[in-house]
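Written below as C-alpha cells is the structure these notes are about.
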Amino acid sequence: MIRTYRYRLYPTNAQARALDFLLWQGRTLYNAALEQRITVYRETGKGVSYPQQWAHFRDLRHANPDTLGQLNATSVQQMLRRLDKTFAAFFRRLKAGEKPGFPRFKGRDRFHSLEYRHGDGCKLRLGARTMFYVQNAGEVKVKFHRPLPDDATIKHVVIKRRASKWHVCLMLDLPDPVIPERTGPAVGIDMGLAHLLALSDGTLVENPRWLRQSLAQLRVAQRRLSRRQKGSAHRRKAAAQVARLHERVANQRRDFWHKLTRQLADTYSLIALENLTLAFMTANRHLALSAHDAGLAEFQQLLAYKAEEAGTLVVTVNPAYTSQACSACGVVVQKELSVRVHVCPDCGLTLDRDVNAARNILMCAVNPARTGPPGRNVAGCGARALESSLL
Ligand SMILES: [Zn+2]
C-alpha cells in the first residue's frame, strides 16, 4: 500500500536560494531534453528514447559541475523519465484518436517539483529536531507534524514549491492493512450545486463558512489582478496574492474533505456516489463547474482510500435520471435546476431535490436490477447501473 505524507519545509534564506537554484536547473534540464527530442525528430525523423537521453545528459552533467552537476543523478533520471512519460501519454492519446496538446516547454511558473529516491541526494533525519537533508542545499528544518507509521519505508520523495512555500512529499510503502468487516448503514450521496453534498438520510453538507470567506476574498483578488496592467509591478504583486489565496482555499478544502471523508468512511458500510465522469457528460454545458469539479474529484479520491482502509464499499452509479425520478414511486418529475424541492404529483412525496437524488443513487447501488411499474423509468437503474464500478 502506498501513502503520501506531506510536510512543510522551513529553509533558511540561503537554503531557499539553493532550492530555487536546483529547481531552476531541473526546469532547464526538462526543457533541454524536450528540445533534444524535437530537434532529433526534425533532423532524423526518429524519436529519442529515455536511455539515449540519460546517456547524453549524464555526460552533460559531468561536464557542468556548477549548474546541471548540482542536481542529483537520480533526480536527473527521474526528470527524464517524467518527460518520457509525457511523450508516451501524448502518443497514446494520439493513437486513440484524441487531440492531445504537444508536451510543452515549462515556464518559470509551470515547474514546481523535483523528484528523488530517498537516501539518494536527500534524507529524512529523525531526531529531537527532525531535519530533511537535500544535496547541495543542506539540512532543512521540517515541521514534523505527524510521525511516520512504524512499518513505513520511504521510497520516493518529491520536493515542491508552492507559492514560495516549500514542502516535501514522502511516498511511503506500507504493509497492506487488515481490513475490518464493516457493519453499518448504507448511504447515497448526491454531489449537488446548491448543497455541497446531500445524503440519502436527509443530511445536507455545505461549504464551511471560512471556506466561503476565503473564496469571496479570492474573487476580489482575482478582479484586482485582471484590472492591473500586464508586465507591471502591481500586477506581479496582485498575482502573488491570488496564488497565496488559491493555496489557502486548497488547504482549507483539503482539510475539510479529509475530516468529512473520514467521518463517512467510519460511519457507513456502503457509500453510493454518482459516477463523476458520466455526470460531467450529462451535465448542463452552461454551468460553470470547473472549480466545483476539482473539489469533488478530491473528495472522491480521499473517500476511496479512507473507505478502502475502513472496509467500506464505495459504489458509483450512472447519474442519469437520479435527480428527476421520484425516489418513492419512480415516476419522472421533470424540473429545472432552479427548482430546489422535489414534489411528486403521483405519490405526493415532497423532499429536498438533492436528498431525493441521493436516495435514488442509493437505490441504484443497492438494487441495480430494480425495475419500476410498467412504463415508468426508474432512476437510471437497470442495465446501465450494472456498469457501476468500485472506486
Ligand atoms: Zn412519487
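Please note that chains go A, B, ... in the order of the C-alpha cells, that every chain numbers its residues from 1, and that ligands are numbered from 1 in the order shown.
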
Write out as CSV the residues of chain A that have any atom within 10 Å of an atom of ligand 1, one row each with the nearest atom pair and its distance in Å to one decimal, counting only C-alpha atoms and all ligand atoms, sorted by chain and then rising number.
residue,atom,partner,partner_atom_place_in_ligand_line,distance
A:Ala325,CA,ligand 1,1 (Zn),7.9
A:Cys326,CA,ligand 1,1 (Zn),4.6
A:Ser327,CA,ligand 1,1 (Zn),6.5
A:Ala328,CA,ligand 1,1 (Zn),4.9
A:Cys329,CA,ligand 1,1 (Zn),4.1
A:Gly330,CA,ligand 1,1 (Zn),5.9
A:Val331,CA,ligand 1,1 (Zn),5.7
A:Val332,CA,ligand 1,1 (Zn),8.2
A:Val333,CA,ligand 1,1 (Zn),8.3
A:His342,CA,ligand 1,1 (Zn),9.2
A:Val343,CA,ligand 1,1 (Zn),7.8
A:Cys344,CA,ligand 1,1 (Zn),4.6
A:Pro345,CA,ligand 1,1 (Zn),6.7
A:Asp346,CA,ligand 1,1 (Zn),5.1
A:Cys347,CA,ligand 1,1 (Zn),4.2
A:Gly348,CA,ligand 1,1 (Zn),6.0
A:Leu349,CA,ligand 1,1 (Zn),5.5
A:Thr350,CA,ligand 1,1 (Zn),8.6

For A:Pro177, work out the shell of residues within 10 Å, counting only C-alpha atoms and skipping chain neighbours fewer than 6 positions away, then give it as a PyMOL selection string.
chain A and resi 1+308-310

Take the residues from that selection and write them out as a PDB file, in the first residue's frame, keeping all heavy atoms.
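Saved to again-v3.pdb:
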ATOM      1  N   MET A   1       0.844  -1.187   0.000  1.00  0.00           N
ATOM      2  CA  MET A   1       0.000   0.000   0.000  1.00  0.00           C
ATOM      3  C   MET A   1       0.891   1.252   0.000  1.00  0.00           C
ATOM      4  O   MET A   1       1.830   1.353   0.760  1.00  0.00           O
ATOM      5  CB  MET A   1      -0.865  -0.024   1.262  1.00  0.00           C
ATOM      6  CG  MET A   1      -1.869   1.081   1.324  1.00  0.00           C
ATOM      7  SD  MET A   1      -2.962   0.933   2.767  1.00  0.00           S
ATOM      8  CE  MET A   1      -1.874   1.425   4.093  1.00  0.00           C
ATOM      9  N   GLU A 308     -11.399   2.288   1.697  1.00  0.00           N
ATOM     10  CA  GLU A 308     -10.684   1.032   1.473  1.00  0.00           C
ATOM     11  C   GLU A 308     -10.093   0.516   2.788  1.00  0.00           C
ATOM     12  O   GLU A 308     -10.235  -0.657   3.129  1.00  0.00           O
ATOM     13  CB  GLU A 308      -9.587   1.281   0.445  1.00  0.00           C
ATOM     14  CG  GLU A 308      -8.865   0.035  -0.030  1.00  0.00           C
ATOM     15  CD  GLU A 308      -7.617   0.381  -0.814  1.00  0.00           C
ATOM     16  OE1 GLU A 308      -7.584   1.462  -1.445  1.00  0.00           O
ATOM     17  OE2 GLU A 308      -6.680  -0.430  -0.773  1.00  0.00           O
ATOM     18  N   GLU A 309      -9.480   1.420   3.538  1.00  0.00           N
ATOM     19  CA  GLU A 309      -8.873   1.023   4.801  1.00  0.00           C
ATOM     20  C   GLU A 309      -9.913   0.627   5.846  1.00  0.00           C
ATOM     21  O   GLU A 309      -9.664  -0.211   6.695  1.00  0.00           O
ATOM     22  CB  GLU A 309      -8.032   2.167   5.364  1.00  0.00           C
ATOM     23  CG  GLU A 309      -6.684   2.281   4.701  1.00  0.00           C
ATOM     24  CD  GLU A 309      -5.933   3.533   5.139  1.00  0.00           C
ATOM     25  OE1 GLU A 309      -6.306   4.131   6.165  1.00  0.00           O
ATOM     26  OE2 GLU A 309      -4.989   3.892   4.439  1.00  0.00           O
ATOM     27  N   ALA A 310     -11.088   1.273   5.764  1.00  0.00           N
ATOM     28  CA  ALA A 310     -12.120   1.018   6.764  1.00  0.00           C
ATOM     29  C   ALA A 310     -12.994  -0.166   6.384  1.00  0.00           C
ATOM     30  O   ALA A 310     -13.877  -0.553   7.147  1.00  0.00           O
ATOM     31  CB  ALA A 310     -12.973   2.271   6.947  1.00  0.00           C
TER      32      ALA A 310
END

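Among the candidate residues A:His258, A:Arg228, A:Arg104, A:Lys335, the one lying nearest to A:Ala307 is A:His258, with distances computed using only C-alpha atoms.
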
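Close contacts of A:Arg108, defined as residues with an atom at most 12 Å away when counting only C-alpha atoms, with chain neighbours fewer than 6 positions off set aside, comprise A:Asp20, A:Phe21, A:Leu23, A:Trp24, A:Gln25, A:Gly26, A:Arg27, A:Thr28, A:Asn31, A:Arg161.
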
Could you write out that same residue set with N, CA and C atoms as a PDB file, in the first residue's frame?
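Output saved as selection-v2.pdb:
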ATOM      1  N   ASP A  20      15.789  26.946  -4.885  1.00  0.00           N
ATOM      2  CA  ASP A  20      15.348  27.637  -6.099  1.00  0.00           C
ATOM      3  C   ASP A  20      16.292  27.323  -7.261  1.00  0.00           C
ATOM      4  N   PHE A  21      17.591  27.347  -6.934  1.00  0.00           N
ATOM      5  CA  PHE A  21      18.591  27.082  -7.972  1.00  0.00           C
ATOM      6  C   PHE A  21      18.436  25.662  -8.521  1.00  0.00           C
ATOM      7  N   LEU A  23      15.749  23.841  -8.525  1.00  0.00           N
ATOM      8  CA  LEU A  23      14.505  23.796  -9.295  1.00  0.00           C
ATOM      9  C   LEU A  23      14.731  24.402 -10.683  1.00  0.00           C
ATOM     10  N   TRP A  24      15.494  25.477 -10.696  1.00  0.00           N
ATOM     11  CA  TRP A  24      15.819  26.138 -11.959  1.00  0.00           C
ATOM     12  C   TRP A  24      16.588  25.176 -12.870  1.00  0.00           C
ATOM     13  N   GLN A  25      17.563  24.476 -12.278  1.00  0.00           N
ATOM     14  CA  GLN A  25      18.347  23.514 -13.056  1.00  0.00           C
ATOM     15  C   GLN A  25      17.453  22.381 -13.573  1.00  0.00           C
ATOM     16  N   GLY A  26      16.522  21.959 -12.725  1.00  0.00           N
ATOM     17  CA  GLY A  26      15.600  20.891 -13.135  1.00  0.00           C
ATOM     18  C   GLY A  26      14.772  21.314 -14.326  1.00  0.00           C
ATOM     19  N   ARG A  27      14.320  22.557 -14.277  1.00  0.00           N
ATOM     20  CA  ARG A  27      13.489  23.070 -15.363  1.00  0.00           C
ATOM     21  C   ARG A  27      14.311  23.220 -16.645  1.00  0.00           C
ATOM     22  N   THR A  28      15.533  23.724 -16.492  1.00  0.00           N
ATOM     23  CA  THR A  28      16.419  23.858 -17.653  1.00  0.00           C
ATOM     24  C   THR A  28      16.652  22.494 -18.293  1.00  0.00           C
ATOM     25  N   ASN A  31      13.482  21.265 -20.137  1.00  0.00           N
ATOM     26  CA  ASN A  31      13.287  21.964 -21.407  1.00  0.00           C
ATOM     27  C   ASN A  31      14.340  21.552 -22.438  1.00  0.00           C
ATOM     28  N   ARG A 161       7.646  23.383  -4.519  1.00  0.00           N
ATOM     29  CA  ARG A 161       7.479  24.778  -4.143  1.00  0.00           C
ATOM     30  C   ARG A 161       6.085  25.210  -4.566  1.00  0.00           C
TER      31      ARG A 161
END

Stretch 128-362 of chain A: which residues are alpha helix (DSSP H) by DSSP, as a PyMOL selection string?
chain A and resi 209-227+233-267+276-282+290-310+353-362

Residues of stretch 91-182 of chain A in strand (DSSP E or B) according to DSSP, as an MDAnalysis selection string?
chainID A and resid 113:117 120 122:125 131:134 138:143 153:162 165:173

Stretch 50-66 of chain A surroundings by only C-alpha atoms, 12 Å radius, close-in-sequence under 6 positions cut, as a VMD selection string
chain A and resid 21 to 22 25 to 26 28 to 30 32 to 37 40 72 to 88 136

Write a file of the selected residues as a JSON list (two decimals), in the first residue's frame, keeping C-alpha atoms.
[["chain", "number", "residue", "atom", "x", "y", "z"],
["A", 21, "PHE", "CA", 18.59, 27.08, -7.97],
["A", 22, "LEU", "CA", 18.05, 23.30, -8.05],
["A", 25, "GLN", "CA", 18.35, 23.51, -13.06],
["A", 26, "GLY", "CA", 15.60, 20.89, -13.13],
["A", 28, "THR", "CA", 16.42, 23.86, -17.65],
["A", 29, "LEU", "CA", 17.11, 20.15, -17.94],
["A", 30, "TYR", "CA", 13.49, 19.33, -18.69],
["A", 32, "ALA", "CA", 16.66, 20.94, -22.89],
["A", 33, "ALA", "CA", 15.57, 17.30, -23.01],
["A", 34, "LEU", "CA", 12.31, 18.31, -24.70],
["A", 35, "GLU", "CA", 14.20, 20.40, -27.22],
["A", 36, "GLN", "CA", 16.54, 17.48, -27.93],
["A", 37, "ARG", "CA", 13.59, 15.26, -28.73],
["A", 40, "VAL", "CA", 16.41, 14.94, -33.33],
["A", 72, "ASN", "CA", 21.44, 14.66, -8.01],
["A", 73, "ALA", "CA", 21.97, 12.00, -10.69],
["A", 74, "THR", "CA", 18.87, 10.02, -9.75],
["A", 75, "SER", "CA", 16.92, 13.25, -9.78],
["A", 76, "VAL", "CA", 18.09, 13.85, -13.35],
["A", 77, "GLN", "CA", 16.93, 10.35, -14.27],
["A", 78, "GLN", "CA", 13.52, 10.95, -12.69],
["A", 79, "MET", "CA", 13.18, 14.18, -14.65],
["A", 80, "LEU", "CA", 13.99, 12.46, -17.95],
["A", 81, "ARG", "CA", 11.51, 9.71, -17.09],
["A", 82, "ARG", "CA", 8.89, 12.36, -16.38],
["A", 83, "LEU", "CA", 9.40, 13.70, -19.90],
["A", 84, "ASP", "CA", 9.39, 10.17, -21.30],
["A", 85, "LYS", "CA", 6.02, 9.52, -19.67],
["A", 86, "THR", "CA", 4.66, 12.80, -21.00],
["A", 87, "PHE", "CA", 5.59, 11.71, -24.52],
["A", 88, "ALA", "CA", 4.19, 8.21, -24.02],
["A", 136, "ASN", "CA", 23.63, 20.95, -2.26]]

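Closest to A:Lys155 among A:Leu302, A:Val142, A:Cys122, A:Ala233 is A:Cys122, based on only C-alpha atoms.
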
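Atom CA of A:Tyr305 is found 27.1 Å from atom CA of A:Lys165.
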
Gap from atom CA of A:Pro149 to atom CA of A:Leu172 - Å, one decimal
9.0 Å

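Residues with any atom within 9 Å of stretch 14-16 of chain A, counting only C-alpha atoms and excluding same-chain neighbours fewer than 6 positions away, are Asn136, Ala137, Gly138, Glu139, Val140 and Trp166 of chain A.
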
Same residues, N, CA and C atoms, output as an mmCIF file, in the first residue's frame:
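Writing done, so here's out.cif:
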data_model
loop_
_atom_site.group_PDB
_atom_site.id
_atom_site.type_symbol
_atom_site.label_atom_id
_atom_site.label_comp_id
_atom_site.auth_asym_id
_atom_site.auth_seq_id
_atom_site.Cartn_x
_atom_site.Cartn_y
_atom_site.Cartn_z
ATOM 1 N N ASN A 136 23.346 19.596 -1.783
ATOM 2 C CA ASN A 136 23.631 20.951 -2.264
ATOM 3 C C ASN A 136 22.675 22.026 -1.738
ATOM 4 N N ALA A 137 21.856 21.664 -0.766
ATOM 5 C CA ALA A 137 21.050 22.702 -0.104
ATOM 6 C C ALA A 137 21.241 22.603 1.409
ATOM 7 N N GLY A 138 21.573 21.422 1.881
ATOM 8 C CA GLY A 138 21.883 21.249 3.300
ATOM 9 C C GLY A 138 20.738 20.681 4.121
ATOM 10 N N GLU A 139 20.909 20.792 5.451
ATOM 11 C CA GLU A 139 19.913 20.277 6.384
ATOM 12 C C GLU A 139 18.791 21.302 6.539
ATOM 13 N N VAL A 140 17.606 20.978 6.072
ATOM 14 C CA VAL A 140 16.495 21.920 6.103
ATOM 15 C C VAL A 140 15.539 21.538 7.228
ATOM 16 N N TRP A 166 7.843 25.804 0.674
ATOM 17 C CA TRP A 166 8.421 24.523 0.275
ATOM 18 C C TRP A 166 7.807 23.375 1.070
#

Neighbours of A:Glu181 within 10 Å (only C-alpha atoms; same-chain residues fewer than 5 positions away dropped), as a list in words?
Ser269, Ala310, Gly311 and Thr312 of chain A

Could you take the residues named above and write them with N, CA and C atoms, as an mmCIF file, in the first residue's frame?
data_model
loop_
_atom_site.group_PDB
_atom_site.id
_atom_site.type_symbol
_atom_site.label_atom_id
_atom_site.label_comp_id
_atom_site.auth_asym_id
_atom_site.auth_seq_id
_atom_site.Cartn_x
_atom_site.Cartn_y
_atom_site.Cartn_z
ATOM 1 N N SER A 269 -21.299 1.389 5.861
ATOM 2 C CA SER A 269 -20.685 0.183 5.313
ATOM 3 C C SER A 269 -20.698 0.217 3.793
ATOM 4 N N ALA A 310 -11.088 1.273 5.764
ATOM 5 C CA ALA A 310 -12.120 1.018 6.764
ATOM 6 C C ALA A 310 -12.994 -0.166 6.384
ATOM 7 N N GLY A 311 -12.770 -0.721 5.196
ATOM 8 C CA GLY A 311 -13.585 -1.840 4.759
ATOM 9 C C GLY A 311 -14.953 -1.410 4.253
ATOM 10 N N THR A 312 -15.100 -0.121 3.979
ATOM 11 C CA THR A 312 -16.367 0.403 3.466
ATOM 12 C C THR A 312 -16.376 0.316 1.945
#

For stretch 203-209 of chain A: contacts at 12 Å, only C-alpha atoms, fewer than 2 positions along chain excluded, given as an mmCIF file with C-alpha atoms, in the first residue's frame:
data_model
loop_
_atom_site.group_PDB
_atom_site.id
_atom_site.type_symbol
_atom_site.label_atom_id
_atom_site.label_comp_id
_atom_site.auth_asym_id
_atom_site.auth_seq_id
_atom_site.Cartn_x
_atom_site.Cartn_y
_atom_site.Cartn_z
ATOM 1 C CA VAL A 187 -25.902 5.801 2.243
ATOM 2 C CA GLY A 188 -26.382 7.517 -1.104
ATOM 3 C CA ILE A 189 -24.619 10.838 -1.711
ATOM 4 C CA ASP A 190 -25.607 13.448 -4.248
ATOM 5 C CA MET A 191 -22.873 15.918 -5.137
ATOM 6 C CA GLY A 192 -25.033 18.921 -5.790
ATOM 7 C CA LEU A 193 -24.696 22.526 -6.749
ATOM 8 C CA ALA A 194 -26.931 24.160 -4.182
ATOM 9 C CA HIS A 195 -25.567 21.933 -1.440
ATOM 10 C CA LEU A 196 -22.065 20.587 -1.420
ATOM 11 C CA LEU A 197 -23.366 17.126 -0.572
ATOM 12 C CA ALA A 198 -26.810 15.735 0.148
ATOM 13 C CA LEU A 199 -27.102 12.392 1.951
ATOM 14 C CA SER A 200 -29.973 9.991 1.437
ATOM 15 C CA ASP A 201 -30.792 10.196 5.162
ATOM 16 C CA LEU A 211 -14.069 28.438 3.087
ATOM 17 C CA ARG A 212 -16.792 30.677 1.666
ATOM 18 C CA GLN A 213 -14.988 33.690 3.139
ATOM 19 C CA SER A 214 -11.708 32.698 1.516
ATOM 20 C CA LEU A 215 -13.483 32.127 -1.787
ATOM 21 C CA ALA A 216 -15.005 35.610 -1.573
ATOM 22 C CA VAL A 249 -8.505 27.751 -0.326
ATOM 23 C CA GLN A 252 -8.898 24.599 3.716
ATOM 24 C CA ARG A 253 -10.808 22.478 1.251
ATOM 25 C CA ARG A 254 -8.438 19.542 1.617
ATOM 26 C CA ASP A 255 -8.621 19.750 5.395
ATOM 27 C CA PHE A 256 -12.409 19.825 5.245
ATOM 28 C CA TRP A 257 -12.595 16.869 2.846
ATOM 29 C CA LEU A 260 -15.607 14.644 6.242
ATOM 30 C CA THR A 261 -14.457 11.572 4.291
ATOM 31 C CA LEU A 264 -18.271 8.985 6.217
ATOM 32 C CA HIS A 292 -16.513 22.690 -8.188
ATOM 33 C CA GLY A 295 -13.182 19.788 -5.322
ATOM 34 C CA LEU A 296 -15.439 16.812 -5.918
ATOM 35 C CA LEU A 351 -38.380 16.354 -0.419
ATOM 36 C CA ASP A 352 -35.285 18.455 -0.986
ATOM 37 C CA ARG A 353 -34.310 17.894 -4.588
ATOM 38 C CA ASP A 354 -30.772 16.722 -3.777
ATOM 39 C CA VAL A 355 -31.880 14.390 -0.983
ATOM 40 C CA ASN A 356 -34.309 12.810 -3.432
ATOM 41 C CA ALA A 358 -29.253 10.822 -3.073
ATOM 42 C CA ARG A 359 -31.994 8.292 -2.308
#

From A:Phe111, A:Phe132, A:Tyr41, A:Phe144, residue lying nearest A:Ala163 [only C-alpha atoms]
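Counting only C-alpha atoms, the residue closest to A:Ala163 is A:Phe111.
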